file entry11.txt (compact mmCIF, C-alpha atoms)
# COMPACT_ATOMS: atom_id res chain seq x y z
CA MET Q 1 -75.41 -107.46 57.38
CA ALA Q 2 -72.67 -106.43 54.94
CA VAL Q 3 -71.83 -103.37 57.04
CA GLN Q 4 -71.59 -105.51 60.19
CA ALA Q 5 -69.39 -108.04 58.41
CA THR Q 6 -67.13 -105.26 57.16
CA LEU Q 7 -66.92 -103.67 60.63
CA HIS Q 8 -65.92 -107.08 61.97
CA CYS Q 9 -63.22 -107.33 59.31
CA LEU Q 10 -62.11 -103.74 59.97
CA THR Q 11 -61.73 -104.47 63.68
CA GLY Q 12 -59.47 -107.48 63.14
CA CYS Q 13 -57.46 -105.69 60.48
CA ALA Q 14 -56.98 -102.58 62.61
CA ILE Q 15 -55.87 -104.58 65.66
CA GLY Q 16 -53.42 -106.59 63.58
CA GLU Q 17 -52.03 -103.66 61.67
CA VAL Q 18 -51.48 -101.43 64.66
CA LEU Q 19 -49.90 -104.28 66.63
CA GLY Q 20 -47.69 -105.13 63.65
CA MET Q 21 -46.58 -101.51 63.33
CA VAL Q 22 -45.85 -101.28 67.05
CA ILE Q 23 -43.82 -104.52 67.04
CA GLY Q 24 -41.95 -103.59 63.86
CA THR Q 25 -41.14 -100.14 65.21
CA ALA Q 26 -40.08 -101.52 68.61
CA PHE Q 27 -37.64 -103.91 66.94
CA GLY Q 28 -36.38 -101.27 64.51
CA TRP Q 29 -37.51 -103.23 61.45
CA GLY Q 30 -37.76 -101.64 58.03
CA ASN Q 31 -40.97 -100.90 56.18
CA VAL Q 32 -41.32 -104.20 54.30
CA PRO Q 33 -40.94 -106.60 57.25
CA THR Q 34 -43.16 -104.39 59.39
CA LEU Q 35 -45.82 -104.28 56.66
CA ILE Q 36 -45.68 -108.06 56.22
CA LEU Q 37 -46.07 -108.60 59.96
CA ALA Q 38 -48.99 -106.15 60.07
CA ILE Q 39 -50.76 -108.00 57.24
CA VAL Q 40 -50.18 -111.42 58.83
CA LEU Q 41 -51.52 -110.14 62.16
CA ALA Q 42 -54.52 -108.53 60.44
CA PHE Q 43 -55.47 -111.93 58.99
CA PHE Q 44 -54.80 -113.60 62.34
CA PHE Q 45 -57.02 -111.24 64.32
CA GLY Q 46 -59.72 -111.18 61.64
CA TYR Q 47 -59.93 -114.97 61.71
CA ALA Q 48 -59.66 -115.02 65.52
CA LEU Q 49 -62.71 -112.78 65.91
CA THR Q 50 -64.77 -115.16 63.78
CA LEU Q 51 -63.36 -118.23 65.51
CA ARG Q 52 -64.35 -116.87 68.89
CA GLY Q 53 -67.98 -116.64 67.85
CA VAL Q 54 -68.31 -119.94 66.03
CA LEU Q 55 -66.45 -121.88 68.71
CA LYS Q 56 -68.95 -120.51 71.25
CA ALA Q 57 -71.68 -121.96 69.03
CA GLY Q 58 -70.21 -125.42 69.62
CA LEU Q 59 -68.27 -126.08 66.43
CA SER Q 60 -65.10 -128.13 66.63
CA LEU Q 61 -61.85 -126.27 66.02
CA GLY Q 62 -61.51 -127.83 62.56
CA ALA Q 63 -65.04 -126.89 61.52
CA ALA Q 64 -64.64 -123.42 63.02
CA LEU Q 65 -61.42 -122.87 61.06
CA LYS Q 66 -63.18 -123.84 57.82
CA VAL Q 67 -66.00 -121.40 58.56
CA ALA Q 68 -63.58 -118.58 59.43
CA LEU Q 69 -61.49 -119.14 56.31
CA ALA Q 70 -64.57 -119.26 54.09
CA ALA Q 71 -66.19 -116.26 55.74
CA ASP Q 72 -63.26 -113.89 56.05
CA THR Q 73 -60.49 -114.56 53.54
CA LEU Q 74 -61.77 -112.46 50.64
CA SER Q 75 -62.98 -109.66 52.92
CA ILE Q 76 -59.68 -109.42 54.79
CA ALA Q 77 -57.67 -109.67 51.57
CA VAL Q 78 -59.59 -106.79 49.96
CA MET Q 79 -59.37 -104.70 53.11
CA GLU Q 80 -55.61 -105.30 53.41
CA LEU Q 81 -54.96 -104.62 49.74
CA VAL Q 82 -56.85 -101.33 49.85
CA ASP Q 83 -55.70 -99.97 53.19
CA ASN Q 84 -52.06 -100.92 52.71
CA GLY Q 85 -52.21 -99.57 49.17
CA VAL Q 86 -53.35 -96.20 50.52
CA ILE Q 87 -50.59 -96.21 53.14
CA VAL Q 88 -47.87 -97.19 50.67
CA LEU Q 89 -48.99 -94.59 48.12
CA TRP Q 90 -49.48 -91.74 50.61
CA PRO Q 91 -46.37 -89.53 50.53
CA GLY Q 92 -44.40 -89.89 53.75
CA ALA Q 93 -46.78 -92.36 55.40
CA MET Q 94 -44.40 -95.32 55.28
CA ASP Q 95 -41.70 -93.28 57.01
CA ALA Q 96 -43.99 -91.81 59.67
CA GLY Q 97 -43.36 -93.27 63.11
CA LEU Q 98 -45.95 -94.15 65.71
CA ALA Q 99 -45.45 -90.79 67.42
CA ASP Q 100 -46.10 -88.91 64.16
CA PRO Q 101 -49.73 -87.78 63.70
CA LEU Q 102 -49.33 -88.47 59.96
CA PHE Q 103 -49.13 -92.21 60.73
CA TRP Q 104 -52.44 -92.18 62.60
CA TRP Q 105 -54.27 -89.91 60.15
CA VAL Q 106 -53.22 -91.93 57.12
CA LEU Q 107 -54.06 -95.21 58.88
CA ALA Q 108 -57.54 -93.86 59.75
CA ILE Q 109 -58.10 -92.65 56.19
CA ALA Q 110 -56.79 -95.91 54.73
CA LEU Q 111 -59.08 -98.00 56.92
CA ALA Q 112 -62.05 -95.79 56.07
CA VAL Q 113 -61.39 -96.15 52.33
CA ALA Q 114 -60.93 -99.90 52.78
CA PHE Q 115 -64.24 -100.09 54.68
CA VAL Q 116 -66.09 -98.31 51.87
CA LEU Q 117 -64.58 -100.54 49.18
CA THR Q 118 -64.88 -103.81 51.13
CA THR Q 119 -68.56 -103.40 52.10
CA PRO Q 120 -69.82 -104.12 48.54
CA VAL Q 121 -67.59 -107.21 48.43
CA ASN Q 122 -69.20 -108.50 51.62
CA LYS Q 123 -72.67 -107.62 50.30
CA TRP Q 124 -71.96 -109.56 47.12
CA MET Q 125 -70.71 -112.61 49.07
CA ILE Q 126 -73.62 -112.54 51.54
CA GLY Q 127 -76.07 -112.29 48.63
CA ARG Q 128 -74.67 -115.55 47.32
CA GLY Q 129 -74.79 -117.32 50.68
CA LYS Q 130 -71.04 -116.95 51.18
CA GLY Q 131 -68.85 -114.90 53.53
CA HIS Q 132 -70.54 -113.88 56.74
CA ALA Q 133 -73.80 -115.49 55.61
CA VAL Q 134 -72.06 -118.74 56.58
CA VAL Q 135 -71.15 -117.37 60.02
CA HIS Q 136 -74.61 -116.06 60.87
CA GLN Q 137 -76.11 -119.54 60.99
CA PHE Q 138 -73.96 -120.15 64.08
CA HIS Q 139 -75.07 -117.06 66.02

call {"tool": "encode", "arguments": {"input": "entry11.txt", "output": "structure tokens"}}
result
Amino acid sequence: MAVQATLHCLTGCAIGEVLGMVIGTAFGWGNVPTLILAIVLAFFFGYALTLRGVLKAGLSLGAALKVALAADTLSIAVMELVDNGVIVLWPGAMDAGLADPLFWWVLAIALAVAFVLTTPVNKWMIGRGKGHAVVHQFH
């Protein structure tokens, strides 16, 4: 269950980060605004994936938002901290454009490292009836 929860988180984070990088690059933004947008979109898409499922289960929007925030906030925060930390610390990664293979390799490595380090966090939360344990009652 923890692996599935982390894959869910990884999917939302990856969609948000890539979209944020594409938008930031298209508008010629610098590294910091692009990184901020990517993080905001990672949270947005992570929550949206959970919302989609719990809304289908019949929850009201307000209740669904509470479930998504409770289930995903820590997982997304850890994933974002780790993967963006790898990207920021990797020499040349912040200056690599979308057409540069370095960008894609470092992003893939960063997300893989984040997956490995976020899975135990999700396992810990699920073991305490938190995180995605809350979501699974609506599936």

call {"tool": "closest_atom_pairs", "arguments": {"input": "entry11.txt", "of": "stretch 95-121 of chain Q", "to": "stretch 16-29 of chain Q", "cutoff": "9 Å", "atoms": "only C-alpha atoms", "output": "tab-separated table"}}
result
residue	atom	partner	partner_atom	distance
Q:Gly97	CA	Q:Thr25	CA	7.5
Q:Leu98	CA	Q:Val22	CA	7.3
Q:Leu107	CA	Q:Val18	CA	8.9

call {"tool": "residues_around", "arguments": {"input": "entry11.txt", "residues": "stretch 90-96 of chain Q", "least_positions_apart": "2", "cutoff": "10 Å", "atoms": "all atoms listed in the file", "output": "list in words"}}
result
Gly30, Asn31, Val32, Leu35, Asn84, Gly85, Val86, Ile87, Val88, Leu98, Ala99, Asp100, Pro101, Leu102, Phe103, Trp104, Trp105, Val106, Leu107 and Ala110 of chain Q

call {"tool": "closest_residue", "arguments": {"input": "entry11.txt", "among": "Q:Ala71, Q:Leu117, Q:Ala112, Q:Val3", "to": "Q:Gly46", "atoms": "all atoms listed in the file"}}
result
Q:Ala71

call {"tool": "residues_near_point", "arguments": {"input": "entry11.txt", "point": "(-70.2, -111.3, 64.6)", "cutoff": "7 Å", "atoms": "only C-alpha atoms", "output": "NGL selection string"}}
result
:Q and (8 or 50 or 53)

call {"tool": "closest_residue", "arguments": {"input": "entry11.txt", "among": "Q:Ile15, Q:Ala42, Q:Val116, Q:Gly129", "to": "Q:Ala77", "atoms": "all atoms listed in the file"}}
result
Q:Ala42

call {"tool": "closest_residue", "arguments": {"input": "entry11.txt", "among": "Q:Thr6, Q:Thr34, Q:Thr11, Q:Thr73", "to": "Q:Leu49", "atoms": "only C-alpha atoms"}}
result
Q:Thr11

call {"tool": "atom_distance", "arguments": {"input": "entry11.txt", "atom1": "atom CA of Q:Met79", "atom2": "atom CA of Q:Ala114"}}
result
5.1 Å

call {"tool": "closest_residue", "arguments": {"input": "entry11.txt", "among": "Q:Gly62, Q:Lys123, Q:Lys130, Q:Leu37", "to": "Q:Ala2", "atoms": "all atoms listed in the file"}}
result
Q:Lys123

call {"tool": "closest_residue", "arguments": {"input": "entry11.txt", "among": "Q:Ala14, Q:Phe115, Q:Ala108, Q:Ser75", "to": "Q:Leu41", "atoms": "only C-alpha atoms"}}
result
Q:Ala14

call {"tool": "atom_distance", "arguments": {"input": "entry11.txt", "atom1": "atom CA of Q:Leu65", "atom2": "atom CA of Q:Ala48"}}
result
9.2 Å

call {"tool": "atom_distance", "arguments": {"input": "entry11.txt", "atom1": "atom CA of Q:Val54", "atom2": "atom CA of Q:Asn122"}}
result
18.4 Å

call {"tool": "closest_residue", "arguments": {"input": "entry11.txt", "among": "Q:Phe44, Q:Leu51, Q:Ile36, Q:Val78", "to": "Q:Val121", "atoms": "only C-alpha atoms"}}
result
Q:Val78

call {"tool": "axis_aligned_box", "arguments": {"input": "entry11.txt", "around": "stretch 40-43 of chain Q", "padding_each_side": "5 Å", "output": "AutoDock Vina command-line options"}}
result
--center_x -52.8 --center_y -110.2 --center_z 60.5 --size_x 15.3 --size_y 13.4 --size_z 13.3

call {"tool": "build_atoms", "arguments": {"input": "entry11.txt", "residues": "stretch 111-122 of chain Q", "atoms": "all heavy atoms", "output": "PDB file, in the coordinates of the input"}}
result
ATOM      1  N   LEU Q 111     -58.071 -97.061  56.442  1.00  0.00           N
ATOM      2  CA  LEU Q 111     -59.080 -98.000  56.920  1.00  0.00           C
ATOM      3  C   LEU Q 111     -60.482 -97.575  56.507  1.00  0.00           C
ATOM      4  O   LEU Q 111     -61.324 -98.421  56.179  1.00  0.00           O
ATOM      5  CB  LEU Q 111     -58.967 -98.189  58.440  1.00  0.00           C
ATOM      6  CG  LEU Q 111     -57.726 -98.964  58.907  1.00  0.00           C
ATOM      7  CD1 LEU Q 111     -57.588 -98.889  60.419  1.00  0.00           C
ATOM      8  CD2 LEU Q 111     -57.762-100.408  58.432  1.00  0.00           C
ATOM      9  N   ALA Q 112     -60.738 -96.282  56.505  1.00  0.00           N
ATOM     10  CA  ALA Q 112     -62.050 -95.790  56.070  1.00  0.00           C
ATOM     11  C   ALA Q 112     -62.284 -96.091  54.584  1.00  0.00           C
ATOM     12  O   ALA Q 112     -63.370 -96.542  54.196  1.00  0.00           O
ATOM     13  CB  ALA Q 112     -62.176 -94.290  56.340  1.00  0.00           C
ATOM     14  N   VAL Q 113     -61.274 -95.852  53.763  1.00  0.00           N
ATOM     15  CA  VAL Q 113     -61.390 -96.150  52.330  1.00  0.00           C
ATOM     16  C   VAL Q 113     -61.578 -97.658  52.143  1.00  0.00           C
ATOM     17  O   VAL Q 113     -62.426 -98.101  51.349  1.00  0.00           O
ATOM     18  CB  VAL Q 113     -60.144 -95.648  51.560  1.00  0.00           C
ATOM     19  CG1 VAL Q 113     -60.132 -96.163  50.129  1.00  0.00           C
ATOM     20  CG2 VAL Q 113     -60.080 -94.125  51.582  1.00  0.00           C
ATOM     21  N   ALA Q 114     -60.813 -98.444  52.884  1.00  0.00           N
ATOM     22  CA  ALA Q 114     -60.930 -99.900  52.780  1.00  0.00           C
ATOM     23  C   ALA Q 114     -62.327-100.364  53.201  1.00  0.00           C
ATOM     24  O   ALA Q 114     -62.901-101.267  52.584  1.00  0.00           O
ATOM     25  CB  ALA Q 114     -59.863-100.574  53.633  1.00  0.00           C
ATOM     26  N   PHE Q 115     -62.890 -99.744  54.242  1.00  0.00           N
ATOM     27  CA  PHE Q 115     -64.240-100.090  54.680  1.00  0.00           C
ATOM     28  C   PHE Q 115     -65.243 -99.845  53.553  1.00  0.00           C
ATOM     29  O   PHE Q 115     -66.075-100.700  53.242  1.00  0.00           O
ATOM     30  CB  PHE Q 115     -64.621 -99.282  55.926  1.00  0.00           C
ATOM     31  CG  PHE Q 115     -66.035 -99.519  56.368  1.00  0.00           C
ATOM     32  CD1 PHE Q 115     -66.353-100.617  57.144  1.00  0.00           C
ATOM     33  CD2 PHE Q 115     -67.050 -98.654  55.986  1.00  0.00           C
ATOM     34  CE1 PHE Q 115     -67.662-100.852  57.534  1.00  0.00           C
ATOM     35  CE2 PHE Q 115     -68.351 -98.876  56.375  1.00  0.00           C
ATOM     36  CZ  PHE Q 115     -68.666 -99.980  57.156  1.00  0.00           C
ATOM     37  N   VAL Q 116     -65.157 -98.673  52.940  1.00  0.00           N
ATOM     38  CA  VAL Q 116     -66.090 -98.310  51.870  1.00  0.00           C
ATOM     39  C   VAL Q 116     -65.980 -99.273  50.693  1.00  0.00           C
ATOM     40  O   VAL Q 116     -66.997 -99.677  50.108  1.00  0.00           O
ATOM     41  CB  VAL Q 116     -65.863 -96.849  51.425  1.00  0.00           C
ATOM     42  CG1 VAL Q 116     -66.616 -96.522  50.145  1.00  0.00           C
ATOM     43  CG2 VAL Q 116     -66.255 -95.885  52.537  1.00  0.00           C
ATOM     44  N   LEU Q 117     -64.767 -99.667  50.340  1.00  0.00           N
ATOM     45  CA  LEU Q 117     -64.580-100.540  49.180  1.00  0.00           C
ATOM     46  C   LEU Q 117     -64.786-102.019  49.492  1.00  0.00           C
ATOM     47  O   LEU Q 117     -65.047-102.808  48.584  1.00  0.00           O
ATOM     48  CB  LEU Q 117     -63.187-100.311  48.580  1.00  0.00           C
ATOM     49  CG  LEU Q 117     -62.958 -98.911  48.006  1.00  0.00           C
ATOM     50  CD1 LEU Q 117     -61.546 -98.764  47.475  1.00  0.00           C
ATOM     51  CD2 LEU Q 117     -63.974 -98.583  46.917  1.00  0.00           C
ATOM     52  N   THR Q 118     -64.694-102.406  50.758  1.00  0.00           N
ATOM     53  CA  THR Q 118     -64.880-103.810  51.130  1.00  0.00           C
ATOM     54  C   THR Q 118     -66.346-104.132  51.402  1.00  0.00           C
ATOM     55  O   THR Q 118     -66.775-105.271  51.207  1.00  0.00           O
ATOM     56  CB  THR Q 118     -64.015-104.168  52.354  1.00  0.00           C
ATOM     57  OG1 THR Q 118     -62.652-103.843  52.066  1.00  0.00           O
ATOM     58  CG2 THR Q 118     -64.090-105.645  52.683  1.00  0.00           C
ATOM     59  N   THR Q 119     -67.135-103.159  51.810  1.00  0.00           N
ATOM     60  CA  THR Q 119     -68.560-103.400  52.100  1.00  0.00           C
ATOM     61  C   THR Q 119     -69.295-104.002  50.896  1.00  0.00           C
ATOM     62  O   THR Q 119     -70.021-104.994  51.063  1.00  0.00           O
ATOM     63  CB  THR Q 119     -69.249-102.124  52.610  1.00  0.00           C
ATOM     64  OG1 THR Q 119     -68.593-101.706  53.813  1.00  0.00           O
ATOM     65  CG2 THR Q 119     -70.713-102.369  52.901  1.00  0.00           C
ATOM     66  N   PRO Q 120     -69.130-103.485  49.682  1.00  0.00           N
ATOM     67  CA  PRO Q 120     -69.820-104.120  48.540  1.00  0.00           C
ATOM     68  C   PRO Q 120     -69.344-105.561  48.281  1.00  0.00           C
ATOM     69  O   PRO Q 120     -70.125-106.390  47.818  1.00  0.00           O
ATOM     70  CB  PRO Q 120     -69.474-103.226  47.346  1.00  0.00           C
ATOM     71  CG  PRO Q 120     -69.023-101.941  47.925  1.00  0.00           C
ATOM     72  CD  PRO Q 120     -68.462-102.251  49.280  1.00  0.00           C
ATOM     73  N   VAL Q 121     -68.097-105.846  48.581  1.00  0.00           N
ATOM     74  CA  VAL Q 121     -67.590-107.210  48.430  1.00  0.00           C
ATOM     75  C   VAL Q 121     -68.333-108.135  49.395  1.00  0.00           C
ATOM     76  O   VAL Q 121     -68.785-109.225  49.016  1.00  0.00           O
ATOM     77  CB  VAL Q 121     -66.060-107.275  48.680  1.00  0.00           C
ATOM     78  CG1 VAL Q 121     -65.559-108.708  48.716  1.00  0.00           C
ATOM     79  CG2 VAL Q 121     -65.321-106.461  47.629  1.00  0.00           C
ATOM     80  N   ASN Q 122     -68.471-107.696  50.640  1.00  0.00           N
ATOM     81  CA  ASN Q 122     -69.200-108.500  51.620  1.00  0.00           C
ATOM     82  C   ASN Q 122     -70.678-108.630  51.241  1.00  0.00           C
ATOM     83  O   ASN Q 122     -71.265-109.696  51.400  1.00  0.00           O
ATOM     84  CB  ASN Q 122     -69.047-107.914  53.025  1.00  0.00           C
ATOM     85  CG  ASN Q 122     -67.706-108.264  53.616  1.00  0.00           C
ATOM     86  OD1 ASN Q 122     -67.224-109.375  53.473  1.00  0.00           O
ATOM     87  ND2 ASN Q 122     -67.082-107.315  54.280  1.00  0.00           N
TER      88      ASN Q 122
END
